[in-house]
Amino acid sequence: MSAVDDSGNVATPKPSAEKPRHKPSREPRTPMRERAAVERAADFDEVALGYTEELAVAEAARCLQCKNPTCIEGCPVQIDIKAFIGHIIDGEYREGVAVLKERNALPAVCGRVCPQEEQCEAVCVLARKAEPVAIGRLERWLGDYDLACELEHRCVPEVGEPTGFRCAIIGSGPAGLACAGELARLGHDVTIFESLHAPGGVLTYGIPEFRLPKAIVDSEIDMLVQMGVKIECDTVVGATLTLDEILNVEGFDSVFIGSGAGLPVFLGVPGENLNGVYSANEFLTRVNLMRAYEFPRADTPVWRGRRVAVIGGGNVAMDSARTALRLGADEVFLAYRRTEQEMPARREEVHHASEEGVQFKMLCSPVEILGRDGFVTGLVATRMELGEPDESGRRAPVCVMGSEFEIECDTVVVAVGTRANPLLMKAAPDLELTGRGYVAADEHGATSVPGVFAGGDIVTGAATVILAMGAGKRSARAMDGWLQNPDR
Amino acid sequence: MTCQGGNEAHDPGGIVFRIVHKRQLSDVVFEMGVEAPRVARKVRAGQFLILRVDRDGERIPLTFSDWSAEEGWVRFIFMRVGKTTHALSHCEIGDELTDLVGPLGTPTHVGDLGRVAVVGGGVGAAVAYPVARAMLEAGDDVSVILGARTADLLVLEDEFRAIEPTRLVVTTDDGSAGVKALVTTPLKELCEAGEIDLAFAVGPAIMMKFCAATTKECGVPCIVSLNPIMVDGTGMCGACRVSVGGETRFGCVDGPDFDGHLVDFEELMSRQRVYVEEERLSDSEYSKECSCRL
Ligand SMILES: Cc1cc2nc3c(=O)[nH]c(=O)nc-3n(C[C@H](O)[C@H](O)[C@H](O)COP(=O)(O)OP(=O)(O)OC[C@H]3O[C@@H](n4cnc5c(N)ncnc54)[C@H](O)[C@@H]3O)c2cc1C
Ligand SMILES: Cc1cc2nc3c(=O)[nH]c(=O)nc-3n(C[C@H](O)[C@H](O)[C@H](O)COP(=O)(O)OP(=O)(O)OC[C@H]3O[C@@H](n4cnc5c(N)ncnc54)[C@H](O)[C@@H]3O)c2cc1C
Ligand code: SF4
Ligand code: SF4
Ligand code: FES
């Protein structure tokens, strides 16, 4: 059965009438195979090994195939979860892949990094009484199934009739990639401009190999290239080219900005410029993008601390802490100013980090970084307690007077958030920004400049892969509408 | 030994950074020209590029020394100091660099400066040269002070002469060329004589530190072009942070030019040394590799 219909769209095959009725299994949630903590904390290979076909089928069998599948509303891009799981139940894997790709260009990525427990799985009917269906793991399994096929057998969305329009995309993170894929499907000629030397955005420079192997990101990008998308790396928009030149000199008809929120925020405490203090961005970029863990085979070094303190409580902090362990640290501390409950990182990652030996120091906040001869020797932190709820509804941490204490360490990684990089916008004075410096865009991604759209972290601030992809895809449709409108 | 051509699995859309010019200026200093039409259209004096020689290579910043928008090339001058510059010095005309990105950084302010002393120390002359030229073209009055440890390390003297600055003073630490002095000696004389309104100094951090101190004593403002360690060069990592007037600034986007009187040079010098051990290892591994391939 073909996954692609005549009009070139990836389509969901109609269920055949004579299928036997599905009898849900009552087994508990199928665990995913993982490498043992001691083994995995010593290298950069992937931690979670995913389902086998047998395990995937067993887990899919737990799905009730509900009349009213609530799971779908939990997914920011409304993947037809019931349908793709139904295809696994029926052994129709390619069809399952097609269902995923209708909504999500990178299933092998999202199946790995989506915060499923707060999204689709949180609202699965089963979650009310027992454990929800492991939707993310099933998505990952199907995504990997597709990637394991030879490129010509993979489910590559068909490219539409050429429209003659040229679209430029700034940034090759999930937002840009999703937008590019959708525009190519609609028949537009797409070029991505990326400032770094490799595409993928955070998927490439931020999220570590042990959580998202770069080979997976590369194959997903290969698929886009197969669809005719051109990627020009080493092109900094705002420096090498301006937005205006893309439209008026390079001759593009429409532009999507997906440049992410890549500017690191520092703590602003004394000692922060000592050697051994990194922003998470620098630390992870050196290790992931520049492969410093292979030094000296790869040329870029990273300071390999023995005692590392990571500041922050999000995914970025977890990734930094686990990376530090893998670089050979004896002890890694993670200092967060609220409690474990408030940590924005995914539960699974917190769990993995603690299994691997990351030591959590909750309710503390750094006030100074100590050093000798230019290098870090320790951290002074103060104890915090949770006070009244703040604007975000979370109880605000307040510092306990006179509670300072020292943590001895030789490396500090600051993972307390990122902001929009103004480089692109400084060279585009017509582009309206929000008060916080992000690009102002409506729900379709339209900005103040006609024909210029934006989405992902550059509009929302640091968020998630799936939200960025959803925004990229929505903008692609809006761009198509704008391009096809004769009155523009 | 050639550079690896081509690019990452996803090459920059058929853009090829081919080396079109190479000239050895001294034992350890080289000038190189690379085809990069988009970049060449944009460069202004004081800006820099970041390149990688091959796929395992480090991203290193180098200042543009010359460029032609019409012919689509850029040039830079580099001193062989470690592995990457070593590998680069082995690249020949016709080879391709894996990556070249730019122009990065804020261009040097020129045009309404009055009488300027441009001070270039060692390979800093490579940065000083396009800056002096741009100042002259913009109508500023330029005196040049060119310094090096020894005559062999003195570069671009003829080029500086050719742009006809108001004066050109050459110094060497050992007296093997020009005056036997540090660059701060003639700089101080110019300041004290009231001959200059501004100094622009670029070279080793220690030299810039002393230029800043010398001018400060005489109440003459001093711009320095800093060279902290960088990774991306676009503001996303913070590796390049420097303290200026007690505030943290990013060298790659806020600079490289800063008010020399406000820069914390001790911190800069300390941060430049963070990877010395690794650099030594990298370079010695590379030399071994080179000698067995020869
Ligand atoms: C360490 C880390 C871990 C994370 N873990 C998770 C997770 O587990 N699950 C999850 O859902 N989310 C996670 N996130 C968040 C998620 O990765 C981001 O929300 C998502 O990548 C945003 O996508 P984007 O396309 O908007 O931007 P990005 O992925 O940031 O991509 C932007 C791209 O644009 C390029 N660019 C920037 N400026 C320019 C310019 N001027 N010219 C040309 N190119 C430019 C950048 O180099 C980059 O490649 C994590 C983030 C980090 C940093
Ligand atoms: C804005 C700027 C402009 C520069 N312009 C020039 C120039 O025109 N000509 C020139 O010869 N040199 C210039 N440099 C210095 C040049 O980048 C370094 O000499 C080069 O990176 C050394 O690399 P290596 O592998 O050969 O040596 P290594 O052995 O790796 O390093 C030698 C020394 O170079 C510095 N360095 C190393 N890696 C980096 C890096 N990624 N970024 C910055 N500095 C680093 C360190 O202080 C180090 O101790 C400039 C630096 C900056 C920041
Ligand atoms: S994309 Fe994310 S939220 Fe949507 S179904 Fe997949 S795992 Fe769930
Ligand atoms: S809500 Fe849960 S059980 Fe129901 S269809 Fe969705 S995944 Fe299956
Ligand atoms: S080099 Fe990364 S922010 Fe300046």
# chains A, B, ... in the order shown; residues from 1 in each chain; ligands from 1
call {"tool": "residues_near_ligand", "arguments": {"ligand": "ligand 3", "cutoff": "8 Å", "atoms": "only C-alpha atoms and all ligand atoms", "output": "ChimeraX atom specification"}}
result
/A:71-72,74-81,104,107,110-116,119-121,135-137,139,466
call {"tool": "closest_atom_pairs", "arguments": {"of": "chain B", "to": "ligand 1", "cutoff": "12 Å", "atoms": "only C-alpha atoms and all ligand atoms", "output": "tab-separated table"}}
result
residue	atom	partner	partner_atom_place_in_ligand_line	distance
B:Val101	CA	ligand 1	43 (C)	10.9
B:Gly102	CA	ligand 1	42 (N)	11.0
B:Leu104	CA	ligand 1	41 (N)	11.2
B:Asp232	CA	ligand 1	47 (O)	9.0
B:Gly233	CA	ligand 1	47 (O)	11.1
B:Thr234	CA	ligand 1	41 (N)	8.0
B:Gly235	CA	ligand 1	38 (N)	9.3
B:Met236	CA	ligand 1	47 (O)	8.3
B:Cys237	CA	ligand 1	47 (O)	11.0
call {"tool": "write_last_selection", "arguments": {"atoms": "all heavy atoms", "output": "PDB file, in the first residue's frame"}}
result
ATOM      1  N   VAL B 101      33.130  32.332   7.498  1.00  0.00           N
ATOM      2  CA  VAL B 101      31.903  33.074   7.786  1.00  0.00           C
ATOM      3  C   VAL B 101      32.229  34.497   8.232  1.00  0.00           C
ATOM      4  O   VAL B 101      33.233  34.741   8.889  1.00  0.00           O
ATOM      5  CB  VAL B 101      31.043  32.293   8.820  1.00  0.00           C
ATOM      6  CG1 VAL B 101      31.799  32.051  10.097  1.00  0.00           C
ATOM      7  CG2 VAL B 101      29.733  32.991   9.105  1.00  0.00           C
ATOM      8  N   GLY B 102      31.395  35.431   7.792  1.00  0.00           N
ATOM      9  CA  GLY B 102      31.628  36.822   8.161  1.00  0.00           C
ATOM     10  C   GLY B 102      30.780  37.732   7.316  1.00  0.00           C
ATOM     11  O   GLY B 102      29.932  37.260   6.580  1.00  0.00           O
ATOM     12  N   LEU B 104      32.112  39.579  10.700  1.00  0.00           N
ATOM     13  CA  LEU B 104      31.634  39.589  12.076  1.00  0.00           C
ATOM     14  C   LEU B 104      32.219  40.786  12.822  1.00  0.00           C
ATOM     15  O   LEU B 104      33.254  41.328  12.434  1.00  0.00           O
ATOM     16  CB  LEU B 104      32.038  38.275  12.759  1.00  0.00           C
ATOM     17  CG  LEU B 104      31.532  37.008  12.047  1.00  0.00           C
ATOM     18  CD1 LEU B 104      32.152  35.754  12.646  1.00  0.00           C
ATOM     19  CD2 LEU B 104      30.012  36.923  12.090  1.00  0.00           C
ATOM     20  N   ASP B 232      31.590  30.824  18.205  1.00  0.00           N
ATOM     21  CA  ASP B 232      30.685  31.087  17.082  1.00  0.00           C
ATOM     22  C   ASP B 232      30.917  32.456  16.457  1.00  0.00           C
ATOM     23  O   ASP B 232      30.719  32.633  15.262  1.00  0.00           O
ATOM     24  CB  ASP B 232      29.238  30.998  17.549  1.00  0.00           C
ATOM     25  CG  ASP B 232      28.973  32.010  18.641  1.00  0.00           C
ATOM     26  OD1 ASP B 232      29.578  31.876  19.711  1.00  0.00           O
ATOM     27  OD2 ASP B 232      28.212  32.966  18.412  1.00  0.00           O
ATOM     28  N   GLY B 233      31.276  33.453  17.279  1.00  0.00           N
ATOM     29  CA  GLY B 233      31.483  34.805  16.754  1.00  0.00           C
ATOM     30  C   GLY B 233      30.206  35.566  16.460  1.00  0.00           C
ATOM     31  O   GLY B 233      30.229  36.608  15.812  1.00  0.00           O
ATOM     32  N   THR B 234      29.056  35.060  16.931  1.00  0.00           N
ATOM     33  CA  THR B 234      27.791  35.746  16.639  1.00  0.00           C
ATOM     34  C   THR B 234      26.985  36.075  17.885  1.00  0.00           C
ATOM     35  O   THR B 234      25.838  36.485  17.798  1.00  0.00           O
ATOM     36  CB  THR B 234      26.896  34.883  15.720  1.00  0.00           C
ATOM     37  OG1 THR B 234      26.579  33.657  16.409  1.00  0.00           O
ATOM     38  CG2 THR B 234      27.582  34.560  14.412  1.00  0.00           C
ATOM     39  N   GLY B 235      27.559  35.853  19.067  1.00  0.00           N
ATOM     40  CA  GLY B 235      26.849  36.212  20.294  1.00  0.00           C
ATOM     41  C   GLY B 235      26.119  35.064  20.967  1.00  0.00           C
ATOM     42  O   GLY B 235      25.352  35.291  21.891  1.00  0.00           O
ATOM     43  N   MET B 236      26.319  33.830  20.534  1.00  0.00           N
ATOM     44  CA  MET B 236      25.528  32.757  21.132  1.00  0.00           C
ATOM     45  C   MET B 236      26.226  31.938  22.211  1.00  0.00           C
ATOM     46  O   MET B 236      25.607  31.074  22.811  1.00  0.00           O
ATOM     47  CB  MET B 236      24.962  31.825  20.054  1.00  0.00           C
ATOM     48  CG  MET B 236      26.004  30.984  19.364  1.00  0.00           C
ATOM     49  SD  MET B 236      25.266  29.557  18.576  1.00  0.00           S
ATOM     50  CE  MET B 236      25.577  28.323  19.818  1.00  0.00           C
ATOM     51  N   CYS B 237      27.522  32.202  22.480  1.00  0.00           N
ATOM     52  CA  CYS B 237      28.175  31.333  23.466  1.00  0.00           C
ATOM     53  C   CYS B 237      28.764  32.076  24.660  1.00  0.00           C
ATOM     54  O   CYS B 237      28.817  31.540  25.755  1.00  0.00           O
ATOM     55  CB  CYS B 237      29.248  30.489  22.798  1.00  0.00           C
ATOM     56  SG  CYS B 237      30.754  31.372  22.420  1.00  0.00           S
TER      57      CYS B 237
END
call {"tool": "select_by_dssp", "arguments": {"residues": "region 120-202 of chain A", "states": "alpha helix (DSSP H)", "output": "ChimeraX atom specification"}}
result
/A:135-148,174-185,202
call {"tool": "write_last_selection", "arguments": {"atoms": "N, CA, C and O atoms", "output": "tab-separated table (two decimals), in the first residue's frame"}}
result
chain	number	residue	atom	x	y	z
A	135	ILE	N	2.97	6.90	24.13
A	135	ILE	CA	2.82	7.45	22.77
A	135	ILE	C	4.16	7.88	22.19
A	135	ILE	O	4.48	7.58	21.05
A	136	GLY	N	4.96	8.57	23.02
A	136	GLY	CA	6.24	9.07	22.54
A	136	GLY	C	7.16	7.93	22.11
A	136	GLY	O	7.81	8.00	21.08
A	137	ARG	N	7.19	6.86	22.92
A	137	ARG	CA	8.07	5.74	22.57
A	137	ARG	C	7.62	5.06	21.29
A	137	ARG	O	8.44	4.60	20.49
A	138	LEU	N	6.31	5.00	21.08
A	138	LEU	CA	5.80	4.40	19.85
A	138	LEU	C	6.13	5.28	18.65
A	138	LEU	O	6.50	4.80	17.58
A	139	GLU	N	6.02	6.58	18.87
A	139	GLU	CA	6.36	7.52	17.79
A	139	GLU	C	7.84	7.37	17.43
A	139	GLU	O	8.21	7.31	16.26
A	140	ARG	N	8.66	7.27	18.46
A	140	ARG	CA	10.10	7.09	18.25
A	140	ARG	C	10.36	5.81	17.47
A	140	ARG	O	11.15	5.78	16.52
A	141	TRP	N	9.66	4.74	17.86
A	141	TRP	CA	9.91	3.46	17.19
A	141	TRP	C	9.55	3.55	15.70
A	141	TRP	O	10.31	3.11	14.85
A	142	LEU	N	8.40	4.15	15.40
A	142	LEU	CA	8.01	4.28	13.99
A	142	LEU	C	8.98	5.19	13.24
A	142	LEU	O	9.34	4.92	12.09
A	143	GLY	N	9.39	6.27	13.89
A	143	GLY	CA	10.34	7.18	13.26
A	143	GLY	C	11.64	6.45	12.93
A	143	GLY	O	12.18	6.58	11.83
A	144	ASP	N	12.11	5.64	13.86
A	144	ASP	CA	13.34	4.88	13.63
A	144	ASP	C	13.14	3.82	12.55
A	144	ASP	O	14.04	3.53	11.77
A	145	TYR	N	11.94	3.23	12.55
A	145	TYR	CA	11.61	2.23	11.53
A	145	TYR	C	11.79	2.86	10.14
A	145	TYR	O	12.39	2.28	9.25
A	146	ASP	N	11.30	4.07	10.02
A	146	ASP	CA	11.39	4.77	8.74
A	146	ASP	C	12.85	5.09	8.40
A	146	ASP	O	13.29	4.89	7.27
A	147	LEU	N	13.59	5.56	9.41
A	147	LEU	CA	14.99	5.93	9.15
A	147	LEU	C	15.84	4.73	8.80
A	147	LEU	O	16.84	4.85	8.09
A	148	ALA	N	15.44	3.56	9.28
A	148	ALA	CA	16.23	2.35	9.01
A	148	ALA	C	16.05	1.89	7.57
A	148	ALA	O	16.84	1.10	7.07
A	174	PRO	N	14.44	23.27	14.48
A	174	PRO	CA	13.17	22.60	14.20
A	174	PRO	C	12.14	23.50	13.50
A	174	PRO	O	11.43	23.04	12.61
A	175	ALA	N	12.07	24.77	13.86
A	175	ALA	CA	11.09	25.67	13.23
A	175	ALA	C	11.41	25.81	11.75
A	175	ALA	O	10.53	25.65	10.89
A	176	GLY	N	12.66	26.12	11.43
A	176	GLY	CA	13.06	26.31	10.05
A	176	GLY	C	12.92	25.03	9.23
A	176	GLY	O	12.45	25.05	8.09
A	177	LEU	N	13.32	23.89	9.82
A	177	LEU	CA	13.25	22.63	9.09
A	177	LEU	C	11.80	22.27	8.78
A	177	LEU	O	11.47	21.85	7.66
A	178	ALA	N	10.92	22.43	9.76
A	178	ALA	CA	9.51	22.08	9.54
A	178	ALA	C	8.90	22.99	8.49
A	178	ALA	O	8.14	22.55	7.62
A	179	CYS	N	9.24	24.27	8.55
A	179	CYS	CA	8.73	25.23	7.59
A	179	CYS	C	9.23	24.87	6.19
A	179	CYS	O	8.47	24.85	5.22
A	180	ALA	N	10.51	24.52	6.08
A	180	ALA	CA	11.10	24.17	4.79
A	180	ALA	C	10.40	22.95	4.19
A	180	ALA	O	10.05	22.94	3.01
A	181	GLY	N	10.18	21.93	5.00
A	181	GLY	CA	9.55	20.71	4.52
A	181	GLY	C	8.17	20.99	3.97
A	181	GLY	O	7.79	20.52	2.89
A	182	GLU	N	7.41	21.77	4.71
A	182	GLU	CA	6.04	22.07	4.30
A	182	GLU	C	6.02	22.91	3.02
A	182	GLU	O	5.23	22.66	2.11
A	183	LEU	N	6.91	23.90	2.94
A	183	LEU	CA	6.96	24.74	1.73
A	183	LEU	C	7.34	23.91	0.50
A	183	LEU	O	6.79	24.09	-0.58
A	184	ALA	N	8.27	22.96	0.70
A	184	ALA	CA	8.69	22.11	-0.42
A	184	ALA	C	7.51	21.25	-0.87
A	184	ALA	O	7.28	21.06	-2.07
A	185	ARG	N	6.75	20.74	0.08
A	185	ARG	CA	5.56	19.95	-0.27
A	185	ARG	C	4.57	20.76	-1.08
A	185	ARG	O	3.86	20.24	-1.92
A	202	VAL	N	19.35	23.80	17.75
A	202	VAL	CA	19.59	23.18	19.05
A	202	VAL	C	19.73	21.66	18.93
A	202	VAL	O	20.45	21.03	19.70
call {"tool": "closest_residue", "arguments": {"among": "B:Asp152, B:Glu289, B:Glu277, B:Asp27", "to": "Ser89 (chain B)", "atoms": "only C-alpha atoms"}}
result
B:Asp27
call {"tool": "closest_atom_pairs", "arguments": {"of": "chain B", "to": "chain A", "cutoff": "7 Å", "atoms": "only C-alpha atoms", "output": "tab-separated table"}}
result
residue	atom	partner	partner_atom	distance
B:Glu8	CA	A:Ala198	CA	6.7
B:His10	CA	A:Ile231	CA	6.8
B:Asp11	CA	A:Glu232	CA	6.8
B:Pro12	CA	A:Glu232	CA	3.8
B:Gly13	CA	A:Glu232	CA	4.7
B:Arg38	CA	A:Thr240	CA	6.4
B:Val39	CA	A:Thr240	CA	5.6
B:Lys42	CA	A:Thr240	CA	6.7
B:Asp56	CA	A:Ala298	CA	4.7
B:Gly57	CA	A:Asp299	CA	5.2
B:Glu58	CA	A:Thr300	CA	5.1
B:Asp99	CA	A:Asp234	CA	6.7
B:Leu100	CA	A:Asp234	CA	6.6
B:Val101	CA	A:Asp234	CA	5.1
B:Gly102	CA	A:Thr240	CA	5.8
B:Pro103	CA	A:Ala239	CA	6.0
B:Leu104	CA	A:Ala239	CA	6.6
B:Gly235	CA	A:Leu263	CA	6.2
B:Met236	CA	A:Leu263	CA	4.7
B:Cys237	CA	A:Glu282	CA	4.4
B:Gly238	CA	A:Ser279	CA	6.6
B:Ala239	CA	A:Glu282	CA	6.5
B:Ser270	CA	A:Gly374	CA	6.0
B:Arg271	CA	A:Asn275	CA	6.0
B:Val274	CA	A:Asn275	CA	6.2
B:Glu278	CA	A:Pro301	CA	6.4
B:Ser282	CA	A:Pro296	CA	5.7
call {"tool": "residues_around", "arguments": {"residues": "Gly72 (chain B)", "least_positions_apart": "2", "cutoff": "12 Å", "atoms": "only C-alpha atoms", "output": "compact mmCIF listing (two decimals) with all heavy atoms, in the first residue's frame"}}
result
# COMPACT_ATOMS: atom_id res chain seq x y z
N VAL B 16 31.98 27.68 -2.46
CA VAL B 16 33.28 27.08 -2.26
C VAL B 16 34.25 28.16 -1.81
O VAL B 16 34.33 29.22 -2.43
CB VAL B 16 33.75 26.44 -3.58
CG1 VAL B 16 35.21 26.05 -3.49
CG2 VAL B 16 32.89 25.24 -3.92
N PHE B 17 34.94 27.90 -0.71
CA PHE B 17 35.88 28.89 -0.20
C PHE B 17 37.28 28.54 -0.71
O PHE B 17 38.08 27.96 0.02
CB PHE B 17 35.80 28.96 1.32
CG PHE B 17 34.40 29.28 1.81
CD1 PHE B 17 33.65 28.35 2.48
CD2 PHE B 17 33.84 30.53 1.54
CE1 PHE B 17 32.37 28.65 2.91
CE2 PHE B 17 32.56 30.84 1.98
CZ PHE B 17 31.82 29.89 2.66
N ARG B 18 37.53 28.86 -1.97
CA ARG B 18 38.79 28.46 -2.60
C ARG B 18 39.87 29.50 -2.34
O ARG B 18 39.63 30.71 -2.41
CB ARG B 18 38.59 28.27 -4.11
CG ARG B 18 39.86 27.76 -4.80
CD ARG B 18 39.67 27.45 -6.28
NE ARG B 18 38.75 26.33 -6.48
CZ ARG B 18 37.51 26.45 -6.93
NH1 ARG B 18 37.03 27.62 -7.24
NH2 ARG B 18 36.74 25.39 -7.09
N ILE B 19 41.05 28.99 -2.03
CA ILE B 19 42.18 29.88 -1.79
C ILE B 19 42.70 30.38 -3.13
O ILE B 19 42.99 29.59 -4.03
CB ILE B 19 43.29 29.14 -1.01
CG1 ILE B 19 42.72 28.73 0.37
CG2 ILE B 19 44.53 30.03 -0.84
CD1 ILE B 19 43.62 27.81 1.15
N VAL B 20 42.75 31.70 -3.28
CA VAL B 20 43.17 32.27 -4.56
C VAL B 20 44.45 33.07 -4.46
O VAL B 20 44.96 33.59 -5.46
CB VAL B 20 42.05 33.17 -5.16
CG1 VAL B 20 40.87 32.32 -5.60
CG2 VAL B 20 41.60 34.24 -4.15
N GLY B 33 44.36 34.82 0.45
CA GLY B 33 43.12 35.34 -0.13
C GLY B 33 42.19 34.19 -0.44
O GLY B 33 42.62 33.13 -0.89
N VAL B 34 40.91 34.36 -0.17
CA VAL B 34 39.92 33.30 -0.36
C VAL B 34 38.71 33.86 -1.09
O VAL B 34 38.28 34.99 -0.82
CB VAL B 34 39.48 32.73 1.02
CG1 VAL B 34 38.43 31.63 0.83
CG2 VAL B 34 40.67 32.19 1.79
N GLU B 35 38.18 33.07 -2.01
CA GLU B 35 36.97 33.45 -2.72
C GLU B 35 35.78 33.39 -1.77
O GLU B 35 35.52 32.34 -1.19
CB GLU B 35 36.71 32.40 -3.79
CG GLU B 35 36.63 32.89 -5.21
CD GLU B 35 36.66 31.70 -6.15
OE1 GLU B 35 35.85 30.76 -5.97
OE2 GLU B 35 37.51 31.71 -7.06
N ALA B 36 35.07 34.48 -1.60
CA ALA B 36 33.88 34.50 -0.74
C ALA B 36 33.07 35.73 -1.13
O ALA B 36 33.06 36.73 -0.43
CB ALA B 36 34.28 34.55 0.74
N PRO B 37 32.39 35.66 -2.26
CA PRO B 37 31.75 36.85 -2.84
C PRO B 37 30.76 37.56 -1.92
O PRO B 37 30.79 38.78 -1.80
CB PRO B 37 31.04 36.32 -4.08
CG PRO B 37 31.41 34.90 -4.24
CD PRO B 37 32.19 34.46 -3.07
N ARG B 38 29.91 36.78 -1.25
CA ARG B 38 28.90 37.43 -0.40
C ARG B 38 29.57 38.17 0.74
O ARG B 38 29.16 39.27 1.10
CB ARG B 38 27.97 36.38 0.19
CG ARG B 38 26.72 36.20 -0.62
CD ARG B 38 25.70 35.46 0.24
NE ARG B 38 24.64 34.99 -0.60
CZ ARG B 38 24.15 33.75 -0.57
NH1 ARG B 38 24.64 32.87 0.27
NH2 ARG B 38 23.17 33.42 -1.37
N VAL B 39 30.57 37.55 1.33
CA VAL B 39 31.27 38.16 2.45
C VAL B 39 32.00 39.42 1.98
O VAL B 39 31.91 40.48 2.61
CB VAL B 39 32.27 37.16 3.08
CG1 VAL B 39 33.01 37.79 4.25
CG2 VAL B 39 31.54 35.90 3.53
N ALA B 40 32.66 39.32 0.82
CA ALA B 40 33.47 40.43 0.30
C ALA B 40 32.62 41.68 0.08
O ALA B 40 33.10 42.80 0.21
CB ALA B 40 34.16 40.02 -0.99
N ARG B 41 31.36 41.49 -0.27
CA ARG B 41 30.48 42.64 -0.52
C ARG B 41 30.23 43.44 0.74
O ARG B 41 29.84 44.59 0.69
CB ARG B 41 29.12 42.14 -1.04
CG ARG B 41 29.10 41.88 -2.53
CD ARG B 41 27.69 42.04 -3.08
NE ARG B 41 26.75 41.07 -2.53
CZ ARG B 41 26.47 39.90 -3.11
NH1 ARG B 41 27.04 39.57 -4.24
NH2 ARG B 41 25.60 39.08 -2.58
N LYS B 42 30.40 42.81 1.90
CA LYS B 42 29.96 43.43 3.14
C LYS B 42 31.04 43.98 4.04
O LYS B 42 30.76 44.76 4.95
CB LYS B 42 29.18 42.37 3.95
CG LYS B 42 27.77 42.20 3.49
CD LYS B 42 27.06 43.52 3.69
CE LYS B 42 25.66 43.55 3.15
NZ LYS B 42 24.85 42.47 3.66
N VAL B 43 32.29 43.55 3.85
CA VAL B 43 33.32 43.83 4.85
C VAL B 43 33.58 45.31 5.03
O VAL B 43 33.61 46.08 4.06
CB VAL B 43 34.66 43.18 4.44
CG1 VAL B 43 35.71 43.41 5.51
CG2 VAL B 43 34.49 41.72 4.15
N ASP B 66 42.21 42.80 3.68
CA ASP B 66 41.91 43.41 2.39
C ASP B 66 40.73 42.65 1.78
O ASP B 66 40.46 41.53 2.18
CB ASP B 66 43.14 43.29 1.47
CG ASP B 66 43.16 44.37 0.39
OD1 ASP B 66 42.16 45.11 0.27
OD2 ASP B 66 44.17 44.45 -0.33
N TRP B 67 40.07 43.26 0.80
CA TRP B 67 38.92 42.58 0.17
C TRP B 67 38.57 43.29 -1.12
O TRP B 67 38.95 44.44 -1.34
CB TRP B 67 37.71 42.58 1.12
CG TRP B 67 37.34 43.94 1.61
CD1 TRP B 67 36.45 44.81 1.04
CD2 TRP B 67 37.87 44.62 2.77
NE1 TRP B 67 36.38 45.98 1.77
CE2 TRP B 67 37.23 45.88 2.83
CE3 TRP B 67 38.80 44.26 3.76
CZ2 TRP B 67 37.52 46.81 3.83
CZ3 TRP B 67 39.07 45.20 4.75
CH2 TRP B 67 38.44 46.45 4.78
N SER B 68 37.89 42.59 -2.00
CA SER B 68 37.41 43.20 -3.22
C SER B 68 35.99 42.73 -3.49
O SER B 68 35.76 41.55 -3.78
CB SER B 68 38.31 42.81 -4.41
OG SER B 68 37.64 43.12 -5.62
N ALA B 69 35.06 43.66 -3.38
CA ALA B 69 33.66 43.32 -3.62
C ALA B 69 33.48 42.93 -5.09
O ALA B 69 32.76 41.99 -5.41
CB ALA B 69 32.76 44.49 -3.25
N GLU B 70 34.19 43.63 -5.98
CA GLU B 70 34.03 43.37 -7.42
C GLU B 70 34.53 41.97 -7.77
O GLU B 70 33.88 41.23 -8.48
CB GLU B 70 34.82 44.39 -8.26
CG GLU B 70 34.32 45.82 -8.17
CD GLU B 70 34.68 46.48 -6.84
OE1 GLU B 70 35.81 46.23 -6.34
OE2 GLU B 70 33.83 47.20 -6.27
N VAL B 74 38.34 37.86 -0.22
CA VAL B 74 38.77 38.53 1.01
C VAL B 74 40.18 38.03 1.35
O VAL B 74 40.55 36.93 0.96
CB VAL B 74 37.83 38.22 2.20
CG1 VAL B 74 36.43 38.74 1.93
CG2 VAL B 74 37.79 36.72 2.52
N ARG B 75 40.93 38.87 2.05
CA ARG B 75 42.26 38.46 2.49
C ARG B 75 42.41 38.62 3.99
O ARG B 75 41.74 39.44 4.60
CB ARG B 75 43.33 39.32 1.81
CG ARG B 75 43.61 38.88 0.40
CD ARG B 75 44.76 39.66 -0.17
NE ARG B 75 44.84 39.38 -1.60
CZ ARG B 75 45.61 40.03 -2.45
NH1 ARG B 75 46.38 41.03 -2.02
NH2 ARG B 75 45.62 39.71 -3.72
call {"tool": "residues_around", "arguments": {"residues": "region 52-55 of chain B", "least_positions_apart": "4", "cutoff": "6 Å", "atoms": "only C-alpha atoms", "output": "list in words"}}
result
Gln4, Arg59, Leu97, Thr98 and Asp99 of chain B
call {"tool": "residues_around", "arguments": {"residues": "Ile88 (chain A)", "least_positions_apart": "3", "cutoff": "12 Å", "atoms": "only C-alpha atoms", "output": "MDAnalysis selection string"}}
result
chainID A and resid 22 53:63 65 81:85 91:100 135 138:139 141:142 145
